[in-house]
Each structure stands twice: as structure tokens, then as C-alpha cells.
$ cat structure.pdb   # PDB, C-alpha atoms and all ligand atoms
ATOM      1  CA  MET Q 663     139.281-155.590  48.377
ATOM      2  CA  LYS Q 664     136.629-156.331  50.990
ATOM      3  CA  VAL Q 665     134.153-159.247  50.964
ATOM      4  CA  SER Q 666     131.064-158.843  53.198
ATOM      5  CA  LYS Q 667     128.359-161.487  53.606
ATOM      6  CA  PHE Q 668     124.749-160.402  53.081
ATOM      7  CA  ALA Q 669     123.357-163.415  54.952
ATOM      8  CA  PRO Q 670     124.661-166.646  56.518
ATOM      9  CA  LEU Q 671     123.599-168.958  53.677
ATOM     10  CA  ILE Q 672     123.825-166.908  50.489
ATOM     11  CA  GLY Q 673     125.179-163.710  49.002
ATOM     12  CA  ALA Q 674     128.218-161.524  49.550
ATOM     13  CA  GLU Q 675     129.321-158.108  48.377
ATOM     14  CA  VAL Q 676     132.776-157.284  47.053
ATOM     15  CA  THR Q 677     133.968-153.682  47.231
ATOM     16  CA  GLY Q 678     137.245-151.847  46.774
ATOM     17  CA  ILE Q 679     138.314-153.503  43.533
ATOM     18  CA  ASP Q 680     138.354-152.405  39.885
ATOM     19  CA  LEU Q 681     138.363-155.474  37.657
ATOM     20  CA  ARG Q 682     139.723-153.449  34.705
ATOM     21  CA  GLU Q 683     143.034-153.344  36.563
ATOM     22  CA  PRO Q 684     145.484-156.292  36.664
ATOM     23  CA  ILE Q 685     144.380-158.770  39.375
ATOM     24  CA  ASP Q 686     147.047-160.833  41.166
ATOM     25  CA  ALA Q 687     146.748-164.592  41.682
ATOM     26  CA  GLU Q 688     145.924-164.311  45.407
ATOM     27  CA  THR Q 689     143.049-161.864  44.796
ATOM     28  CA  ARG Q 690     141.746-164.021  41.982
ATOM     29  CA  HIS Q 691     141.801-167.030  44.307
ATOM     30  CA  GLN Q 692     139.942-165.064  46.999
ATOM     31  CA  LEU Q 693     137.243-164.007  44.525
ATOM     32  CA  ASN Q 694     136.713-167.585  43.310
ATOM     33  CA  ALA Q 695     136.655-168.953  46.877
ATOM     34  CA  ALA Q 696     134.159-166.260  47.967
ATOM     35  CA  LEU Q 697     131.912-167.177  45.040
ATOM     36  CA  VAL Q 698     131.886-170.900  45.863
ATOM     37  CA  ASP Q 699     131.402-170.195  49.577
ATOM     38  CA  ASN Q 700     128.600-167.626  49.189
ATOM     39  CA  VAL Q 701     126.971-169.029  45.982
ATOM     40  CA  ALA Q 702     126.274-165.475  44.709
ATOM     41  CA  LEU Q 703     128.690-162.549  44.623
ATOM     42  CA  VAL Q 704     128.026-158.879  43.841
ATOM     43  CA  ILE Q 705     131.067-156.939  42.718
ATOM     44  CA  ARG Q 706     130.188-153.256  43.118
ATOM     45  CA  ASP Q 707     131.138-150.137  41.187
ATOM     46  CA  GLN Q 708     132.480-151.641  37.973
ATOM     47  CA  ASP Q 709     132.625-149.720  34.691
ATOM     48  CA  PHE Q 710     133.206-151.950  31.677
ATOM     49  CA  THR Q 711     133.213-151.921  27.923
ATOM     50  CA  PRO Q 712     132.042-155.364  26.679
ATOM     51  CA  PRO Q 713     135.644-156.637  26.120
ATOM     52  CA  GLN Q 714     136.666-155.392  29.592
ATOM     53  CA  TYR Q 715     133.654-157.153  31.073
ATOM     54  CA  LEU Q 716     134.560-160.379  29.280
ATOM     55  CA  ALA Q 717     138.116-160.124  30.623
ATOM     56  CA  ALA Q 718     136.758-159.589  34.164
ATOM     57  CA  VAL Q 719     134.525-162.678  33.930
ATOM     58  CA  SER Q 720     137.535-164.640  32.672
ATOM     59  CA  LEU Q 721     139.008-164.287  36.185
ATOM     60  CA  PHE Q 722     136.451-166.981  37.097
ATOM     61  CA  GLY Q 723     136.969-169.284  34.105
ATOM     62  CA  GLU Q 724     136.523-169.600  30.374
ATOM     63  CA  PRO Q 725     133.493-167.833  28.821
ATOM     64  CA  MET Q 726     131.331-170.098  26.610
ATOM     65  CA  PRO Q 727     128.817-169.548  23.793
ATOM     66  CA  GLN Q 728     125.138-169.180  24.763
ATOM     67  CA  HIS Q 729     121.708-170.130  23.411
ATOM     68  CA  PHE Q 730     119.705-167.409  21.600
ATOM     69  CA  THR Q 731     122.581-166.191  19.439
ATOM     70  CA  GLN Q 732     120.398-163.292  18.251
ATOM     71  CA  TYR Q 733     121.214-161.568  21.571
ATOM     72  CA  ALA Q 734     125.009-161.793  21.149
ATOM     73  CA  LEU Q 735     126.867-158.481  20.804
ATOM     74  CA  PRO Q 736     128.151-158.428  17.196
ATOM     75  CA  ASP Q 737     131.660-157.284  18.186
ATOM     76  CA  CYS Q 738     131.914-159.358  21.358
ATOM     77  CA  PRO Q 739     129.686-162.431  20.822
ATOM     78  CA  LEU Q 740     130.401-164.205  24.114
ATOM     79  CA  VAL Q 741     128.581-161.273  25.755
ATOM     80  CA  HIS Q 742     124.797-161.377  25.336
ATOM     81  CA  GLU Q 743     122.232-158.687  25.907
ATOM     82  CA  VAL Q 744     119.457-159.378  28.414
ATOM     83  CA  SER Q 745     117.046-156.625  27.395
ATOM     84  CA  ASN Q 746     113.374-155.888  28.007
ATOM     85  CA  ARG Q 747     113.191-154.498  24.455
ATOM     86  CA  HIS Q 748     113.654-157.863  22.778
ATOM     87  CA  LYS Q 749     110.481-159.082  21.081
ATOM     88  CA  ASP Q 750     109.463-162.494  19.800
ATOM     89  CA  LYS Q 751     108.088-163.195  16.311
ATOM     90  CA  SER Q 752     104.577-162.189  17.388
ATOM     91  CA  GLY Q 753     105.830-158.828  18.680
ATOM     92  CA  GLN Q 754     105.497-159.722  22.374
ATOM     93  CA  ARG Q 755     108.265-158.787  24.805
ATOM     94  CA  VAL Q 756     110.343-161.860  25.641
ATOM     95  CA  LYS Q 757     110.555-162.797  29.321
ATOM     96  CA  HIS Q 758     113.340-165.306  29.655
ATOM     97  CA  GLY Q 759     114.096-166.701  33.088
ATOM     98  CA  ALA Q 760     110.854-165.710  34.852
ATOM     99  CA  GLY Q 761     110.709-169.034  36.718
ATOM    100  CA  TRP Q 762     113.328-170.690  38.938
ATOM    101  CA  HIS Q 763     115.885-172.543  36.830
ATOM    102  CA  THR Q 764     119.577-173.160  36.273
ATOM    103  CA  ASP Q 765     121.179-172.380  32.909
ATOM    104  CA  HIS Q 766     121.747-174.667  29.924
ATOM    105  CA  THR Q 767     121.175-178.064  31.610
ATOM    106  CA  ASN Q 768     120.725-179.496  28.116
ATOM    107  CA  HIS Q 769     124.478-179.072  27.597
ATOM    108  CA  VAL Q 770     126.750-181.973  28.499
ATOM    109  CA  ARG Q 771     128.978-179.481  30.310
ATOM    110  CA  PRO Q 772     126.637-176.758  31.528
ATOM    111  CA  PRO Q 773     128.049-173.384  32.643
ATOM    112  CA  LYS Q 774     129.460-173.365  36.154
ATOM    113  CA  TYR Q 775     128.871-169.652  36.585
ATOM    114  CA  THR Q 776     126.448-167.113  35.139
ATOM    115  CA  CYS Q 777     127.409-163.452  35.274
ATOM    116  CA  LEU Q 778     125.318-160.313  34.722
ATOM    117  CA  PHE Q 779     126.446-156.703  34.485
ATOM    118  CA  ALA Q 780     123.987-153.815  34.760
ATOM    119  CA  VAL Q 781     124.043-151.426  31.798
ATOM    120  CA  SER Q 782     120.645-149.722  32.084
ATOM    121  CA  LEU Q 783     118.178-150.164  34.945
ATOM    122  CA  PRO Q 784     114.523-149.303  35.583
ATOM    123  CA  SER Q 785     113.925-146.814  38.414
ATOM    124  CA  SER Q 786     112.791-149.681  40.649
ATOM    125  CA  GLY Q 787     112.329-153.478  40.483
ATOM    126  CA  GLY Q 788     113.778-155.882  37.936
ATOM    127  CA  ASP Q 789     115.579-157.803  40.666
ATOM    128  CA  THR Q 790     117.475-161.055  40.066
ATOM    129  CA  ALA Q 791     117.058-163.755  42.708
ATOM    130  CA  VAL Q 792     119.417-166.658  43.449
ATOM    131  CA  VAL Q 793     118.613-169.602  45.739
ATOM    132  CA  ASN Q 794     121.169-171.830  47.480
ATOM    133  CA  MET Q 795     120.334-175.386  46.333
ATOM    134  CA  ARG Q 796     123.046-176.863  48.557
ATOM    135  CA  ALA Q 797     121.220-175.486  51.616
ATOM    136  CA  ALA Q 798     117.936-176.657  50.069
ATOM    137  CA  TYR Q 799     119.293-180.186  49.688
ATOM    138  CA  GLU Q 800     120.675-180.199  53.228
ATOM    139  CA  SER Q 801     117.276-179.110  54.602
ATOM    140  CA  LEU Q 802     115.491-182.134  53.101
ATOM    141  CA  PRO Q 803     114.538-184.999  55.429
ATOM    142  CA  ARG Q 804     117.028-187.841  55.217
ATOM    143  CA  ASP Q 805     114.536-190.289  53.673
ATOM    144  CA  ILE Q 806     113.834-187.846  50.825
ATOM    145  CA  GLN Q 807     117.562-187.277  50.277
ATOM    146  CA  GLN Q 808     118.028-191.043  50.007
ATOM    147  CA  SER Q 809     115.066-191.468  47.637
ATOM    148  CA  LEU Q 810     116.670-188.976  45.210
ATOM    149  CA  GLN Q 811     120.049-190.705  45.188
ATOM    150  CA  GLY Q 812     121.087-191.729  41.664
ATOM    151  CA  LEU Q 813     118.119-190.104  39.866
ATOM    152  CA  LYS Q 814     118.845-188.487  36.505
ATOM    153  CA  THR Q 815     116.940-185.777  34.672
ATOM    154  CA  VAL Q 816     116.489-185.964  30.886
ATOM    155  CA  ASN Q 817     117.214-182.464  29.578
ATOM    156  CA  VAL Q 818     116.092-181.004  26.271
ATOM    157  CA  PHE Q 819     116.004-177.463  24.919
ATOM    158  CA  GLN Q 820     112.437-177.201  26.108
ATOM    159  CA  GLY Q 821     110.451-179.977  27.810
ATOM    160  CA  SER Q 822     106.800-180.782  27.165
ATOM    161  CA  ALA Q 823     105.900-179.189  30.521
ATOM    162  CA  ALA Q 824     107.162-175.803  29.277
ATOM    163  CA  SER Q 825     103.670-174.581  28.399
ATOM    164  CA  ASN Q 826     102.736-174.900  32.114
ATOM    165  CA  TYR Q 827     105.196-172.151  32.935
ATOM    166  CA  SER Q 828     104.430-168.518  32.316
ATOM    167  CA  GLY Q 829     106.842-166.246  30.531
ATOM    168  CA  GLN Q 830     107.987-168.679  27.867
ATOM    169  CA  SER Q 831     108.487-166.883  24.590
ATOM    170  CA  ALA Q 832     107.080-168.106  21.301
ATOM    171  CA  ASP Q 833     110.603-167.914  19.882
ATOM    172  CA  ALA Q 834     111.842-170.324  22.510
ATOM    173  CA  GLN Q 835     108.994-172.713  21.799
ATOM    174  CA  ALA Q 836     109.753-172.624  18.088
ATOM    175  CA  GLU Q 837     113.382-173.731  18.498
ATOM    176  CA  LYS Q 838     114.075-177.313  17.514
ATOM    177  CA  LYS Q 839     115.103-179.780  20.204
ATOM    178  CA  PRO Q 840     118.655-181.144  20.181
ATOM    179  CA  GLU Q 841     119.661-184.541  21.650
ATOM    180  CA  PRO Q 842     118.539-185.070  25.261
ATOM    181  CA  VAL Q 843     121.265-184.808  27.915
ATOM    182  CA  LEU Q 844     121.177-186.685  31.250
ATOM    183  CA  GLN Q 845     122.078-184.749  34.402
ATOM    184  CA  PRO Q 846     122.231-185.892  38.044
ATOM    185  CA  LEU Q 847     119.330-184.624  40.168
ATOM    186  CA  ILE Q 848     121.745-184.531  43.100
ATOM    187  CA  ARG Q 849     124.980-182.932  42.041
ATOM    188  CA  VAL Q 850     128.280-182.983  43.927
ATOM    189  CA  HIS Q 851     130.170-179.700  43.896
ATOM    190  CA  PRO Q 852     133.697-180.336  42.570
ATOM    191  CA  ASP Q 853     135.293-177.802  44.944
ATOM    192  CA  SER Q 854     133.260-178.079  48.167
ATOM    193  CA  GLY Q 855     132.360-181.790  47.779
ATOM    194  CA  LYS Q 856     128.826-180.951  48.944
ATOM    195  CA  ASN Q 857     125.564-182.125  47.367
ATOM    196  CA  ALA Q 858     123.007-179.796  45.806
ATOM    197  CA  LEU Q 859     119.670-180.239  44.054
ATOM    198  CA  TYR Q 860     120.226-179.672  40.350
ATOM    199  CA  PHE Q 861     117.421-179.333  37.786
ATOM    200  CA  HIS Q 862     115.730-177.035  35.304
ATOM    201  CA  PRO Q 863     111.933-177.551  35.450
ATOM    202  CA  VAL Q 864     111.351-176.410  31.846
ATOM    203  CA  LYS Q 865     114.284-178.251  30.285
ATOM    204  CA  THR Q 866     113.524-181.515  32.120
ATOM    205  CA  GLU Q 867     111.431-183.750  29.904
ATOM    206  CA  ASN Q 868     111.292-186.402  32.632
ATOM    207  CA  ILE Q 869     113.345-188.169  35.274
ATOM    208  CA  VAL Q 870     114.734-191.502  34.041
ATOM    209  CA  GLY Q 871     112.184-194.231  34.926
ATOM    210  CA  MET Q 872     109.359-191.750  35.623
ATOM    211  CA  SER Q 873     106.603-190.271  33.454
ATOM    212  CA  PRO Q 874     106.862-186.566  32.523
ATOM    213  CA  SER Q 875     103.897-185.700  34.772
ATOM    214  CA  ASN Q 876     105.236-187.598  37.808
ATOM    215  CA  SER Q 877     108.654-186.059  37.171
ATOM    216  CA  GLN Q 878     107.155-182.556  37.212
ATOM    217  CA  LYS Q 879     105.276-183.370  40.433
ATOM    218  CA  LEU Q 880     108.517-184.415  42.105
ATOM    219  CA  LEU Q 881     110.418-181.361  40.808
ATOM    220  CA  ASN Q 882     107.620-179.023  41.899
ATOM    221  CA  ASP Q 883     107.665-180.575  45.362
ATOM    222  CA  LEU Q 884     111.452-180.147  45.569
ATOM    223  CA  LEU Q 885     111.176-176.560  44.336
ATOM    224  CA  GLU Q 886     108.538-175.766  46.948
ATOM    225  CA  ARG Q 887     110.804-177.130  49.680
ATOM    226  CA  SER Q 888     113.771-175.131  48.297
ATOM    227  CA  ILE Q 889     112.270-171.670  47.913
ATOM    228  CA  LYS Q 890     112.694-170.363  51.437
ATOM    229  CA  ASP Q 891     113.688-166.833  52.385
ATOM    230  CA  GLU Q 892     116.814-167.914  54.244
ATOM    231  CA  PHE Q 893     118.140-169.695  51.120
ATOM    232  CA  ILE Q 894     117.471-166.767  48.748
ATOM    233  CA  TYR Q 895     119.469-163.703  47.823
ATOM    234  CA  ARG Q 896     117.337-161.168  45.964
ATOM    235  CA  HIS Q 897     119.608-158.738  44.191
ATOM    236  CA  LYS Q 898     118.401-155.163  43.855
ATOM    237  CA  TRP Q 899     120.452-153.769  41.025
ATOM    238  CA  ARG Q 900     122.646-150.682  41.275
ATOM    239  CA  LYS Q 901     124.561-149.146  38.416
ATOM    240  CA  GLY Q 902     128.030-150.749  38.190
ATOM    241  CA  ASP Q 903     126.974-154.067  39.747
ATOM    242  CA  MET Q 904     128.466-157.280  38.424
ATOM    243  CA  LEU Q 905     126.487-160.254  39.801
ATOM    244  CA  ILE Q 906     127.887-163.774  39.434
ATOM    245  CA  TRP Q 907     126.518-167.026  40.850
ATOM    246  CA  ASP Q 908     127.518-170.685  41.041
ATOM    247  CA  ASN Q 909     125.114-172.793  38.951
ATOM    248  CA  ARG Q 910     126.466-175.958  40.583
ATOM    249  CA  ALA Q 911     124.759-174.953  43.826
ATOM    250  CA  ALA Q 912     122.041-172.496  42.777
ATOM    251  CA  MET Q 913     118.887-171.779  40.850
ATOM    252  CA  HIS Q 914     117.916-168.260  39.808
ATOM    253  CA  LYS Q 915     115.073-166.226  38.379
ATOM    254  CA  ALA Q 916     114.344-162.777  36.974
ATOM    255  CA  HIS Q 917     111.639-160.611  38.556
ATOM    256  CA  PHE Q 918     109.512-158.747  36.010
ATOM    257  CA  ASP Q 919     108.124-156.373  38.637
ATOM    258  CA  TYR Q 920     108.999-153.077  36.969
ATOM    259  CA  ASN Q 921     107.592-150.606  34.491
ATOM    260  CA  PRO Q 922     108.221-152.260  31.095
ATOM    261  CA  GLU Q 923     108.388-148.832  29.437
ATOM    262  CA  GLU Q 924     111.646-148.214  31.324
ATOM    263  CA  PHE Q 925     114.756-149.668  29.692
ATOM    264  CA  ARG Q 926     116.456-152.592  31.413
ATOM    265  CA  LEU Q 927     119.658-153.938  29.871
ATOM    266  CA  LEU Q 928     122.149-156.349  31.391
ATOM    267  CA  TYR Q 929     125.130-158.055  29.785
ATOM    268  CA  ARG Q 930     125.305-161.787  30.386
ATOM    269  CA  VAL Q 931     128.340-164.080  30.168
ATOM    270  CA  LEU Q 932     128.398-167.823  30.927
ATOM    271  CA  VAL Q 933     131.512-169.565  32.267
ATOM    272  CA  ARG Q 934     132.230-173.055  30.966
ATOM    273  CA  GLY Q 935     131.641-175.835  33.505
ATOM    274  CA  GLU Q 936     132.810-179.385  34.025
ATOM    275  CA  LEU Q 937     130.814-182.612  33.630
ATOM    276  CA  PRO Q 938     128.323-182.637  36.536
ATOM    277  CA  ILE Q 939     129.231-185.278  39.161
ATOM    278  CA  SER Q 940     126.479-187.574  40.504
ATOM    279  CA  ALA Q 941     126.102-188.013  44.262
TER     280      ALA Q 941
HETATM  281 FE    FE Q1001     118.987-168.049  33.532
END
$ encode --input "structure.pdb" --output "C-alpha cells"
Amino acid sequence: MKVSKFAPLIGAEVTGIDLREPIDAETRHQLNAALVDNVALVIRDQDFTPPQYLAAVSLFGEPMPQHFTQYALPDCPLVHEVSNRHKDKSGQRVKHGAGWHTDHTNHVRPPKYTCLFAVSLPSSGGDTAVVNMRAAYESLPRDIQQSLQGLKTVNVFQGSAASNYSGQSADAQAEKKPEPVLQPLIRVHPDSGKNALYFHPVKTENIVGMSPSNSQKLLNDLLERSIKDEFIYRHKWRKGDMLIWDNRAAMHKAHFDYNPEEFRLLYRVLVRGELPISA
């Protein structure tokens, strides 16, 4: 197995390994360490059935159930389809994840990792981008870092600001809201001990002690400061790619820059996380 960095701050490629084969403890440790270190990892040239894929993701932790259960594979429900052929109730193509976000912040224990495996790809485009929110936090001026200390986001299935963001499906808007969940805006990584910005703009109703509109202004400002080329890995999919990233130090988005008539299908698995730690 070989691990090669794409860039100093984010992204690495893993080659020379077939995750259908038995993986020893040392290799498993190296894979997990490379993921935490590089935030996003691409494991090339894999060839999985859904159960084999699920077993491969399990090398990184315990798979967990996901929102939008209509996309679960009937025979392997912890694996979900991410497909450009899914339609909402009004017949429009759904475009989940078009804006920068991190997954399932409205869960008390949100997923530590998100994993995608390419099944069918358009001839070009359809990239997935991941941004290093640890580097983003570290790039903030010290006074801003201090002003964010102790702030908590109030997370719901979909916040009232959701309609400001493009690409939200009518199905998503129709879902009922469960109990709000508080998350730290500055999150400490349990393995590296480093701080990262942690929020989902659409799932944040507000920051505790702030109005929804002022909360969105602050989050938009933080997002603007975070989205810099040197912090981003933009994954151009190849057949056989398994992409996994660390939600405790990353945000991600899907690019819808491809011919929608071409079929794009990925399999997604989420890995159960711990309770987020406040800075
Ligand atoms: Fe996502």
C-alpha cells in the first residue's frame, strides 16, 4: 500500500490495496491515521458489491443509518444511493449537498466519516469537493478565534434559512423537524486535539444567543474565509474510487457541473461518530 499526498493541507491517494482482501491491524491503523492527517482520502481501484463496500468502510468504524431512507439499498440498507435520477414529489431532480456543509449535524453523535464509492460516472464533471476546516480555523485572526470560543449552533433537520440556499429539494423541505441539537461551533478533534470550524449552514437554525439572521451572517462570513483553494481538495471521480473524509475537520459539497442526462451513481456510507467536543 502506498499513500501519496495531493497537497500539503488536504487530500491523499491510496494505491496498491484491495479492500476486499483481509486487512491486517497495522494497515488498518495506517489507513485511519492517513485519513485523520489528510482529512480526505481516495482509495483507488476498488471493485465492490454493496456488502463488500460496507465491510471496507467498517475498517474505519461502525456504519450508521442515514436520513432519506428512500435511498437505502433494500438488501444492504446502511448503503445509500446518491443518484442523479432521484426525483422529488414534484418530479424535479433532487440536488442534495450542492452547498458547503457537513453531514447530519442534527444528530447528537454525527458521523465522523462520510464515504462515497463511484458506481456510474458522467463523462466529465460531477466532482466532490472537501475543505479542511482545521486549516480554515487556524487561518482566522486570533481575535476572531477568541470571539467564537464557546459558541453553539442549534441544529434542526432544516433551518429557516434553508430557502436561501439553492438546490434544496421539496422533499427535504417537507420533512418534519425533530428536536434541535446543540453543536460546538469550534470543535476539538478527538485524535489530533486540534480545533476546527464545525457547522452546517442549512441545518443551523441559529447560534445560541443570536438571531437566525445574525447567525447566518456570521456563518457566511466564516464560510467565505474558509473556502480557499489551498484548503480544498476537489475530487475528480474515476471508476473504482472510494473517497472518505473526516467530518470532524471538513465540510464538503457536490458539484452539479455535468450533463444531467448522463447517469451518476455513488454509494454512500456514514461512519458513526462520537459526541463533538467543544473547544
Ligand atoms: Fe453531505
$ residues_around --input "structure.pdb" --residues "Ser877 (chain Q)" --least-positions-apart "6" --cutoff "10 Å" --atoms "all atoms listed in the file" --output "list in words"
Thr815, Ala823, Pro863, Thr866, Glu867, Asn868, Ile869, Val870, Gly871 and Asp883 of chain Q
$ atom_distance --input "structure.pdb" --atom1 "CA of Gly759 (chain Q)" --atom2 "CA of His914 (chain Q)"
7.9 Å
$ resolve_selection --input "structure.pdb" --expression "the PyMOL selection byres (((not hetatm)) within 9 of (chain Q and resi 1001))" --output "list in words"
His758, Gly759, Ala760, Gly761, Trp762, His763, Thr764, Asp765, His766, Thr776, Met913, His914, Lys915 and Ala916 of chain Q
$ resolve_selection --input "structure.pdb" --expression "the PyMOL selection byres (((chain Q and resi 784-801) around 9) and not hetatm)" --output "PyMOL selection string"
chain Q and resi 671-673+700-702+762+782-783+802-804+807+848+851+856-860+884-885+887-899+907+910-927
$ resolve_selection --input "structure.pdb" --expression "the PyMOL selection byres (((chain Q and resi 732) around 12) and not hetatm)" --output "list in words"
Pro727, Gln728, His729, Phe730, Thr731, Tyr733, Ala734, Leu735, Pro736, Pro739, Leu740, Val741, His742, Glu743, Val744, Ser745, His748, Lys749, Asp750, Asp833 and Ala834 of chain Q
$ atom_distance --input "structure.pdb" --atom1 "CA of Ala718 (chain Q)" --atom2 "CA of Lys664 (chain Q)"
17.1 Å
$ atom_distance --input "structure.pdb" --atom1 "CA of Phe722 (chain Q)" --atom2 "CA of Ile906 (chain Q)"
9.4 Å
$ residues_around --input "structure.pdb" --residues "Val816 (chain Q)" --least-positions-apart "6" --cutoff "12 Å" --atoms "all atoms listed in the file" --output "ChimeraX atom specification"
/Q:767-770,822,840-847,860-874,877-878
$ residues_near_point --input "structure.pdb" --point "(138.2, -167.0, 37.7)" --cutoff "8 Å" --atoms "all atoms listed in the file" --output "PyMOL selection string"
chain Q and resi 690-691+693-694+719-724
$ closest_residue --input "structure.pdb" --among "Q:Asn746, Q:Lys774, Q:Val818, Q:Gly902" --to "Leu937 (chain Q)" --atoms "all atoms listed in the file"
Q:Lys774
$ closest_residue --input "structure.pdb" --among "Q:Asp903, Q:Lys757, Q:Ala674, Q:Ser752" --to "Val698 (chain Q)" --atoms "only C-alpha atoms"
Q:Ala674
$ closest_residue --input "structure.pdb" --among "Q:Met726, Q:Leu703, Q:Ala669, Q:Leu881" --to "Pro772 (chain Q)" --atoms "only C-alpha atoms"
Q:Met726
$ decode --input "structure.pdb" --residues "region 721-730 of chain Q" --atoms "all heavy atoms" --output "PDB file, in the first residue's frame"
ATOM      1  N   LEU Q 721     -13.641  -0.786   8.164  1.00  0.00           N
ATOM      2  CA  LEU Q 721     -12.244  -0.660   8.603  1.00  0.00           C
ATOM      3  C   LEU Q 721     -12.018   0.677   9.317  1.00  0.00           C
ATOM      4  O   LEU Q 721     -11.062   0.847  10.066  1.00  0.00           O
ATOM      5  CB  LEU Q 721     -11.292  -0.739   7.400  1.00  0.00           C
ATOM      6  CG  LEU Q 721     -11.240  -2.080   6.685  1.00  0.00           C
ATOM      7  CD1 LEU Q 721     -10.558  -1.939   5.335  1.00  0.00           C
ATOM      8  CD2 LEU Q 721     -10.516  -3.107   7.556  1.00  0.00           C
ATOM      9  N   PHE Q 722     -12.911   1.644   9.059  1.00  0.00           N
ATOM     10  CA  PHE Q 722     -12.776   2.984   9.638  1.00  0.00           C
ATOM     11  C   PHE Q 722     -13.727   3.217  10.812  1.00  0.00           C
ATOM     12  O   PHE Q 722     -13.685   4.261  11.441  1.00  0.00           O
ATOM     13  CB  PHE Q 722     -13.024   4.043   8.557  1.00  0.00           C
ATOM     14  CG  PHE Q 722     -12.001   4.023   7.448  1.00  0.00           C
ATOM     15  CD1 PHE Q 722     -12.201   3.251   6.308  1.00  0.00           C
ATOM     16  CD2 PHE Q 722     -10.827   4.746   7.555  1.00  0.00           C
ATOM     17  CE1 PHE Q 722     -11.255   3.220   5.295  1.00  0.00           C
ATOM     18  CE2 PHE Q 722      -9.875   4.727   6.549  1.00  0.00           C
ATOM     19  CZ  PHE Q 722     -10.090   3.957   5.410  1.00  0.00           C
ATOM     20  N   GLY Q 723     -14.617   2.284  11.076  1.00  0.00           N
ATOM     21  CA  GLY Q 723     -15.566   2.446  12.177  1.00  0.00           C
ATOM     22  C   GLY Q 723     -16.892   1.783  11.858  1.00  0.00           C
ATOM     23  O   GLY Q 723     -17.003   1.025  10.889  1.00  0.00           O
ATOM     24  N   GLU Q 724     -17.873   2.091  12.689  1.00  0.00           N
ATOM     25  CA  GLU Q 724     -19.170   1.415  12.591  1.00  0.00           C
ATOM     26  C   GLU Q 724     -20.132   2.203  11.689  1.00  0.00           C
ATOM     27  O   GLU Q 724     -20.452   3.357  11.990  1.00  0.00           O
ATOM     28  CB  GLU Q 724     -19.763   1.328  14.007  1.00  0.00           C
ATOM     29  CG  GLU Q 724     -21.098   0.641  14.082  1.00  0.00           C
ATOM     30  CD  GLU Q 724     -21.853   0.967  15.383  1.00  0.00           C
ATOM     31  OE1 GLU Q 724     -21.255   1.597  16.285  1.00  0.00           O
ATOM     32  OE2 GLU Q 724     -23.028   0.626  15.467  1.00  0.00           O
ATOM     33  N   PRO Q 725     -20.602   1.617  10.586  1.00  0.00           N
ATOM     34  CA  PRO Q 725     -21.578   2.305   9.741  1.00  0.00           C
ATOM     35  C   PRO Q 725     -22.869   2.613  10.512  1.00  0.00           C
ATOM     36  O   PRO Q 725     -23.249   1.861  11.414  1.00  0.00           O
ATOM     37  CB  PRO Q 725     -21.839   1.318   8.603  1.00  0.00           C
ATOM     38  CG  PRO Q 725     -20.603   0.488   8.548  1.00  0.00           C
ATOM     39  CD  PRO Q 725     -20.176   0.340   9.994  1.00  0.00           C
ATOM     40  N   MET Q 726     -23.505   3.741  10.178  1.00  0.00           N
ATOM     41  CA  MET Q 726     -24.733   4.159  10.887  1.00  0.00           C
ATOM     42  C   MET Q 726     -25.851   4.440   9.885  1.00  0.00           C
ATOM     43  O   MET Q 726     -25.590   4.713   8.714  1.00  0.00           O
ATOM     44  CB  MET Q 726     -24.443   5.407  11.726  1.00  0.00           C
ATOM     45  CG  MET Q 726     -24.090   6.641  10.913  1.00  0.00           C
ATOM     46  SD  MET Q 726     -23.772   8.110  11.963  1.00  0.00           S
ATOM     47  CE  MET Q 726     -25.422   8.828  12.030  1.00  0.00           C
ATOM     48  N   PRO Q 727     -27.109   4.388  10.353  1.00  0.00           N
ATOM     49  CA  PRO Q 727     -28.231   4.705   9.465  1.00  0.00           C
ATOM     50  C   PRO Q 727     -28.189   6.165   9.022  1.00  0.00           C
ATOM     51  O   PRO Q 727     -27.624   7.013   9.699  1.00  0.00           O
ATOM     52  CB  PRO Q 727     -29.464   4.444  10.336  1.00  0.00           C
ATOM     53  CG  PRO Q 727     -28.980   3.602  11.468  1.00  0.00           C
ATOM     54  CD  PRO Q 727     -27.553   3.979  11.691  1.00  0.00           C
ATOM     55  N   GLN Q 728     -28.823   6.459   7.874  1.00  0.00           N
ATOM     56  CA  GLN Q 728     -28.783   7.796   7.286  1.00  0.00           C
ATOM     57  C   GLN Q 728     -30.194   8.377   7.147  1.00  0.00           C
ATOM     58  O   GLN Q 728     -31.175   7.642   7.168  1.00  0.00           O
ATOM     59  CB  GLN Q 728     -28.161   7.725   5.876  1.00  0.00           C
ATOM     60  CG  GLN Q 728     -26.839   6.979   5.845  1.00  0.00           C
ATOM     61  CD  GLN Q 728     -26.189   6.972   4.466  1.00  0.00           C
ATOM     62  OE1 GLN Q 728     -26.281   7.924   3.704  1.00  0.00           O
ATOM     63  NE2 GLN Q 728     -25.507   5.884   4.151  1.00  0.00           N
ATOM     64  N   HIS Q 729     -30.247   9.712   6.972  1.00  0.00           N
ATOM     65  CA  HIS Q 729     -31.506  10.367   6.594  1.00  0.00           C
ATOM     66  C   HIS Q 729     -31.958   9.836   5.220  1.00  0.00           C
ATOM     67  O   HIS Q 729     -31.201   9.156   4.550  1.00  0.00           O
ATOM     68  CB  HIS Q 729     -31.314  11.879   6.419  1.00  0.00           C
ATOM     69  CG  HIS Q 729     -30.925  12.617   7.657  1.00  0.00           C
ATOM     70  ND1 HIS Q 729     -30.304  13.830   7.619  1.00  0.00           N
ATOM     71  CD2 HIS Q 729     -31.078  12.303   8.969  1.00  0.00           C
ATOM     72  CE1 HIS Q 729     -30.092  14.260   8.851  1.00  0.00           C
ATOM     73  NE2 HIS Q 729     -30.540  13.347   9.684  1.00  0.00           N
ATOM     74  N   PHE Q 730     -33.121  10.215   4.777  1.00  0.00           N
ATOM     75  CA  PHE Q 730     -33.619   9.898   3.431  1.00  0.00           C
ATOM     76  C   PHE Q 730     -33.579   8.388   3.170  1.00  0.00           C
ATOM     77  O   PHE Q 730     -32.895   7.906   2.254  1.00  0.00           O
ATOM     78  CB  PHE Q 730     -32.804  10.628   2.342  1.00  0.00           C
ATOM     79  CG  PHE Q 730     -32.815  12.121   2.462  1.00  0.00           C
ATOM     80  CD1 PHE Q 730     -31.644  12.826   2.675  1.00  0.00           C
ATOM     81  CD2 PHE Q 730     -34.007  12.832   2.377  1.00  0.00           C
ATOM     82  CE1 PHE Q 730     -31.648  14.212   2.793  1.00  0.00           C
ATOM     83  CE2 PHE Q 730     -34.021  14.218   2.498  1.00  0.00           C
ATOM     84  CZ  PHE Q 730     -32.843  14.905   2.702  1.00  0.00           C
TER      85      PHE Q 730
END
